[in-house]
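Notes follow once the structure below has been shown.
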Amino acid sequence: MSASGNYASRMTTDIGDALSQAVDYLREHRSEARYTDSAATAVLGDGLRVTVTGPDGASLTTDMPKSIGGRGESTSPGWFLRAAQASCLATLIGMEAARAGVTLGRVEVVVESQSDDFGILGIDEAVPAGPLTSKATVRIETENPTDLSALVAAADRHCPVTDAVRRAVPWTAELRI
């Protein structure tokens, strides 16, 4: 096995061990499994440019395309949704592979969606503002013969971002002046 193969195998073992420890701990301390997620705070700046901050100095900036009044200087919030879906699913594939003892090579997740601007622009209230459909295409390279479709299905079932998109999560928008 090459040096990079040894490293990947060690990482798989380290991730698997960490997951096993987390599962064991949470089974013994059920009350600690539910928590409030870190807040994301968005501030509208110039035009439609928004700066979002989070814990530990995390930040990102969004903007809308010029065609609808933005400057087009940053990525749109919708792209960040697809990025969250893709990165979360890739992460969960890595976690499920480690749990199964499968050493992965390259994992690539491409998330695409279709939308209708009649929704976001309020032209037709019958058209949803968000994506109408979305799909992930997963490519995995591995030297381990295993059922990759089962591994991806398990990752998708446990991915919190794809779960939130699939399931109707209660949502409220509260105005404070």
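Note on naming: chains are A, B, ... as they come in the structure tokens, residues start from 1 per chain, ligands start from 1 in the order shown.
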12 Å contact set for Ile120 (chain A), only C-alpha atoms, chain neighbours under 3 positions out, as a ChimeraX atom specification: /A:64,68,78,115-117,123-132
Non-local contacts of Ala18 (chain A) (12 Å; only C-alpha atoms; under 5 positions in same chain excluded) as an MDAnalysis selection string: chainID A and resid 11:13 23:25 95 98:99
Only N, CA, C and O atoms, please: the residues just picked out, written as a PDB file, in the first residue's frame.
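To be explicit, this is the file written out as selection_29.pdb:
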ATOM      1  N   MET A  11      -6.834   7.369   8.406  1.00  0.00           N
ATOM      2  CA  MET A  11      -7.925   8.340   8.566  1.00  0.00           C
ATOM      3  C   MET A  11      -9.258   7.611   8.714  1.00  0.00           C
ATOM      4  O   MET A  11     -10.085   7.980   9.542  1.00  0.00           O
ATOM      5  N   THR A  12      -9.469   6.576   7.897  1.00  0.00           N
ATOM      6  CA  THR A  12     -10.696   5.792   7.985  1.00  0.00           C
ATOM      7  C   THR A  12     -10.837   5.201   9.377  1.00  0.00           C
ATOM      8  O   THR A  12     -11.899   5.271   9.995  1.00  0.00           O
ATOM      9  N   THR A  13      -9.749   4.648   9.896  1.00  0.00           N
ATOM     10  CA  THR A  13      -9.763   4.063  11.238  1.00  0.00           C
ATOM     11  C   THR A  13     -10.016   5.138  12.291  1.00  0.00           C
ATOM     12  O   THR A  13     -10.828   4.945  13.201  1.00  0.00           O
ATOM     13  N   VAL A  23     -20.983   7.613  19.474  1.00  0.00           N
ATOM     14  CA  VAL A  23     -22.211   6.826  19.592  1.00  0.00           C
ATOM     15  C   VAL A  23     -22.316   6.223  20.988  1.00  0.00           C
ATOM     16  O   VAL A  23     -23.375   6.289  21.629  1.00  0.00           O
ATOM     17  N   ASP A  24     -21.236   5.642  21.472  1.00  0.00           N
ATOM     18  CA  ASP A  24     -21.248   5.046  22.812  1.00  0.00           C
ATOM     19  C   ASP A  24     -21.572   6.099  23.873  1.00  0.00           C
ATOM     20  O   ASP A  24     -22.382   5.862  24.772  1.00  0.00           O
ATOM     21  N   TYR A  25     -20.932   7.261  23.768  1.00  0.00           N
ATOM     22  CA  TYR A  25     -21.164   8.329  24.741  1.00  0.00           C
ATOM     23  C   TYR A  25     -22.624   8.782  24.717  1.00  0.00           C
ATOM     24  O   TYR A  25     -23.263   8.900  25.761  1.00  0.00           O
ATOM     25  N   MET A  95     -18.185   9.400   6.577  1.00  0.00           N
ATOM     26  CA  MET A  95     -18.488   8.837   7.895  1.00  0.00           C
ATOM     27  C   MET A  95     -19.014   7.411   7.782  1.00  0.00           C
ATOM     28  O   MET A  95     -18.578   6.514   8.524  1.00  0.00           O
ATOM     29  N   ALA A  98     -16.212   5.051   6.851  1.00  0.00           N
ATOM     30  CA  ALA A  98     -15.351   4.769   8.002  1.00  0.00           C
ATOM     31  C   ALA A  98     -16.022   3.794   8.951  1.00  0.00           C
ATOM     32  O   ALA A  98     -15.387   2.874   9.469  1.00  0.00           O
ATOM     33  N   ARG A  99     -17.320   3.985   9.162  1.00  0.00           N
ATOM     34  CA  ARG A  99     -18.069   3.084  10.038  1.00  0.00           C
ATOM     35  C   ARG A  99     -18.035   1.651   9.505  1.00  0.00           C
ATOM     36  O   ARG A  99     -17.982   0.698  10.271  1.00  0.00           O
TER      37      ARG A  99
END
All strand (DSSP E or B) residues (DSSP, backbone) inside region 2-76 of chain A, as a VMD selection string: chain A and resid 41 to 44 50 to 53 59 to 62
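Around Asp156 (chain A), within 12 Å and counting only C-alpha atoms, the residues found are Gln85, Ala86, Ser87, Cys88, Leu89, Ala90, Thr91, Leu92, Ile93, Gly94, Met95, Glu96, Val109, Lys135, Ala136, Thr137, Val138, Ser149, Ala150, Leu151, Val152, Pro160, Val161, Thr162, Asp163, Ala164, Val165 and Arg166 of chain A, once anything fewer than 4 positions away on its own chain is removed.
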Go ahead and write the selection's residues with N, CA, C and O atoms as an mmCIF file, in the first residue's frame.
data_model
loop_
_atom_site.group_PDB
_atom_site.id
_atom_site.type_symbol
_atom_site.label_atom_id
_atom_site.label_comp_id
_atom_site.auth_asym_id
_atom_site.auth_seq_id
_atom_site.Cartn_x
_atom_site.Cartn_y
_atom_site.Cartn_z
ATOM 1 N N GLN A 85 -25.792 20.927 0.643
ATOM 2 C CA GLN A 85 -26.243 19.567 0.349
ATOM 3 C C GLN A 85 -25.070 18.704 -0.106
ATOM 4 O O GLN A 85 -24.892 17.578 0.381
ATOM 5 N N ALA A 86 -24.270 19.213 -1.041
ATOM 6 C CA ALA A 86 -23.153 18.434 -1.598
ATOM 7 C C ALA A 86 -22.103 18.129 -0.537
ATOM 8 O O ALA A 86 -21.653 16.983 -0.398
ATOM 9 N N SER A 87 -21.719 19.144 0.243
ATOM 10 C CA SER A 87 -20.659 18.917 1.230
ATOM 11 C C SER A 87 -21.135 18.031 2.372
ATOM 12 O O SER A 87 -20.382 17.196 2.881
ATOM 13 N N CYS A 88 -22.395 18.183 2.770
ATOM 14 C CA CYS A 88 -22.923 17.345 3.845
ATOM 15 C C CYS A 88 -22.996 15.885 3.398
ATOM 16 O O CYS A 88 -22.589 14.985 4.131
ATOM 17 N N LEU A 89 -23.488 15.663 2.187
ATOM 18 C CA LEU A 89 -23.588 14.285 1.700
ATOM 19 C C LEU A 89 -22.200 13.668 1.548
ATOM 20 O O LEU A 89 -21.981 12.515 1.939
ATOM 21 N N ALA A 90 -21.234 14.434 1.032
ATOM 22 C CA ALA A 90 -19.864 13.921 0.908
ATOM 23 C C ALA A 90 -19.295 13.572 2.285
ATOM 24 O O ALA A 90 -18.649 12.525 2.462
ATOM 25 N N THR A 91 -19.550 14.433 3.264
ATOM 26 C CA THR A 91 -19.082 14.177 4.628
ATOM 27 C C THR A 91 -19.698 12.897 5.191
ATOM 28 O O THR A 91 -19.003 12.060 5.774
ATOM 29 N N LEU A 92 -21.015 12.750 5.017
ATOM 30 C CA LEU A 92 -21.693 11.563 5.548
ATOM 31 C C LEU A 92 -21.252 10.295 4.820
ATOM 32 O O LEU A 92 -21.201 9.223 5.423
ATOM 33 N N ILE A 93 -20.921 10.401 3.534
ATOM 34 C CA ILE A 93 -20.367 9.243 2.825
ATOM 35 C C ILE A 93 -19.048 8.844 3.472
ATOM 36 O O ILE A 93 -18.801 7.660 3.721
ATOM 37 N N GLY A 94 -18.210 9.835 3.793
ATOM 38 C CA GLY A 94 -16.954 9.544 4.491
ATOM 39 C C GLY A 94 -17.188 8.905 5.849
ATOM 40 O O GLY A 94 -16.494 7.956 6.233
ATOM 41 N N MET A 95 -18.185 9.400 6.577
ATOM 42 C CA MET A 95 -18.488 8.837 7.895
ATOM 43 C C MET A 95 -19.014 7.411 7.782
ATOM 44 O O MET A 95 -18.578 6.514 8.524
ATOM 45 N N GLU A 96 -19.951 7.189 6.855
ATOM 46 C CA GLU A 96 -20.516 5.837 6.691
ATOM 47 C C GLU A 96 -19.451 4.863 6.205
ATOM 48 O O GLU A 96 -19.430 3.702 6.616
ATOM 49 N N VAL A 109 -19.397 14.800 -5.024
ATOM 50 C CA VAL A 109 -20.855 14.928 -5.001
ATOM 51 C C VAL A 109 -21.216 16.217 -5.727
ATOM 52 O O VAL A 109 -20.761 17.296 -5.345
ATOM 53 N N LYS A 135 -31.049 17.135 -7.260
ATOM 54 C CA LYS A 135 -30.506 15.773 -7.281
ATOM 55 C C LYS A 135 -29.007 15.826 -7.061
ATOM 56 O O LYS A 135 -28.346 16.808 -7.395
ATOM 57 N N ALA A 136 -28.506 14.758 -6.489
ATOM 58 C CA ALA A 136 -27.073 14.612 -6.273
ATOM 59 C C ALA A 136 -26.561 13.491 -7.171
ATOM 60 O O ALA A 136 -27.200 12.447 -7.294
ATOM 61 N N THR A 137 -25.426 13.730 -7.786
ATOM 62 C CA THR A 137 -24.710 12.701 -8.527
ATOM 63 C C THR A 137 -23.425 12.438 -7.757
ATOM 64 O O THR A 137 -22.659 13.363 -7.485
ATOM 65 N N VAL A 138 -23.212 11.181 -7.379
ATOM 66 C CA VAL A 138 -22.076 10.811 -6.535
ATOM 67 C C VAL A 138 -21.117 9.934 -7.333
ATOM 68 O O VAL A 138 -21.536 8.972 -7.980
ATOM 69 N N SER A 149 -23.721 1.594 -3.284
ATOM 70 C CA SER A 149 -25.076 2.170 -3.319
ATOM 71 C C SER A 149 -25.706 2.138 -1.927
ATOM 72 O O SER A 149 -26.389 3.085 -1.532
ATOM 73 N N ALA A 150 -25.478 1.088 -1.169
ATOM 74 C CA ALA A 150 -25.997 1.016 0.200
ATOM 75 C C ALA A 150 -25.308 2.046 1.088
ATOM 76 O O ALA A 150 -25.948 2.671 1.941
ATOM 77 N N LEU A 151 -24.019 2.249 0.883
ATOM 78 C CA LEU A 151 -23.266 3.220 1.658
ATOM 79 C C LEU A 151 -23.790 4.638 1.379
ATOM 80 O O LEU A 151 -24.032 5.412 2.305
ATOM 81 N N VAL A 152 -24.017 4.971 0.099
ATOM 82 C CA VAL A 152 -24.532 6.288 -0.264
ATOM 83 C C VAL A 152 -25.959 6.465 0.263
ATOM 84 O O VAL A 152 -26.316 7.529 0.769
ATOM 85 N N PRO A 160 -28.003 15.621 7.661
ATOM 86 C CA PRO A 160 -28.961 16.590 8.174
ATOM 87 C C PRO A 160 -29.394 17.638 7.148
ATOM 88 O O PRO A 160 -30.522 18.116 7.197
ATOM 89 N N VAL A 161 -28.538 17.991 6.215
ATOM 90 C CA VAL A 161 -28.915 19.008 5.235
ATOM 91 C C VAL A 161 -29.911 18.435 4.228
ATOM 92 O O VAL A 161 -30.953 19.049 3.960
ATOM 93 N N THR A 162 -29.636 17.262 3.682
ATOM 94 C CA THR A 162 -30.593 16.689 2.729
ATOM 95 C C THR A 162 -31.891 16.310 3.439
ATOM 96 O O THR A 162 -32.966 16.414 2.860
ATOM 97 N N ASP A 163 -31.801 15.922 4.708
ATOM 98 C CA ASP A 163 -33.009 15.640 5.471
ATOM 99 C C ASP A 163 -33.862 16.899 5.607
ATOM 100 O O ASP A 163 -35.079 16.853 5.439
ATOM 101 N N ALA A 164 -33.231 18.025 5.905
ATOM 102 C CA ALA A 164 -33.969 19.283 6.067
ATOM 103 C C ALA A 164 -34.634 19.711 4.767
ATOM 104 O O ALA A 164 -35.714 20.291 4.777
ATOM 105 N N VAL A 165 -33.999 19.404 3.641
ATOM 106 C CA VAL A 165 -34.582 19.753 2.340
ATOM 107 C C VAL A 165 -35.753 18.826 2.015
ATOM 108 O O VAL A 165 -36.775 19.261 1.491
ATOM 109 N N ARG A 166 -35.613 17.563 2.329
ATOM 110 C CA ARG A 166 -36.652 16.569 2.028
ATOM 111 C C ARG A 166 -37.868 16.668 2.933
ATOM 112 O O ARG A 166 -38.992 16.460 2.525
#
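We find CA of Arg139 (chain A) and CA of Gly105 (chain A) to be spaced 10.2 Å apart.
For region 52-58 of chain A, the non-local neighbours within 7 Å, defined as residues at least 6 positions apart in the same chain or in other chains and counting only C-alpha atoms, are Ser38, Ala39, Ala40, Thr41, Ala42 and Val43 of chain A.
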Selection to disk with all heavy atoms, as a PDB file, in the first residue's frame:
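Final file, result.pdb:
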ATOM      1  N   SER A  38     -25.698  26.187  16.112  1.00  0.00           N
ATOM      2  CA  SER A  38     -25.087  27.516  16.059  1.00  0.00           C
ATOM      3  C   SER A  38     -25.902  28.419  15.151  1.00  0.00           C
ATOM      4  O   SER A  38     -26.317  28.007  14.067  1.00  0.00           O
ATOM      5  CB  SER A  38     -23.659  27.424  15.515  1.00  0.00           C
ATOM      6  OG  SER A  38     -22.885  26.568  16.307  1.00  0.00           O
ATOM      7  N   ALA A  39     -26.107  29.640  15.590  1.00  0.00           N
ATOM      8  CA  ALA A  39     -26.883  30.600  14.802  1.00  0.00           C
ATOM      9  C   ALA A  39     -26.054  31.137  13.641  1.00  0.00           C
ATOM     10  O   ALA A  39     -24.827  31.243  13.721  1.00  0.00           O
ATOM     11  CB  ALA A  39     -27.336  31.756  15.690  1.00  0.00           C
ATOM     12  N   ALA A  40     -26.744  31.466  12.570  1.00  0.00           N
ATOM     13  CA  ALA A  40     -26.165  32.193  11.449  1.00  0.00           C
ATOM     14  C   ALA A  40     -26.846  33.556  11.441  1.00  0.00           C
ATOM     15  O   ALA A  40     -28.069  33.651  11.446  1.00  0.00           O
ATOM     16  CB  ALA A  40     -26.420  31.458  10.144  1.00  0.00           C
ATOM     17  N   THR A  41     -26.055  34.628  11.452  1.00  0.00           N
ATOM     18  CA  THR A  41     -26.597  35.979  11.478  1.00  0.00           C
ATOM     19  C   THR A  41     -26.299  36.659  10.154  1.00  0.00           C
ATOM     20  O   THR A  41     -25.130  36.828   9.791  1.00  0.00           O
ATOM     21  CB  THR A  41     -25.984  36.792  12.639  1.00  0.00           C
ATOM     22  OG1 THR A  41     -26.246  36.107  13.864  1.00  0.00           O
ATOM     23  CG2 THR A  41     -26.562  38.190  12.696  1.00  0.00           C
ATOM     24  N   ALA A  42     -27.351  37.033   9.432  1.00  0.00           N
ATOM     25  CA  ALA A  42     -27.206  37.670   8.125  1.00  0.00           C
ATOM     26  C   ALA A  42     -27.521  39.151   8.241  1.00  0.00           C
ATOM     27  O   ALA A  42     -28.517  39.542   8.856  1.00  0.00           O
ATOM     28  CB  ALA A  42     -28.149  37.014   7.121  1.00  0.00           C
ATOM     29  N   VAL A  43     -26.663  39.989   7.651  1.00  0.00           N
ATOM     30  CA  VAL A  43     -26.859  41.436   7.652  1.00  0.00           C
ATOM     31  C   VAL A  43     -26.837  41.924   6.208  1.00  0.00           C
ATOM     32  O   VAL A  43     -25.851  41.713   5.488  1.00  0.00           O
ATOM     33  CB  VAL A  43     -25.772  42.156   8.491  1.00  0.00           C
ATOM     34  CG1 VAL A  43     -25.947  43.668   8.421  1.00  0.00           C
ATOM     35  CG2 VAL A  43     -25.795  41.667   9.933  1.00  0.00           C
TER      36      VAL A  43
END
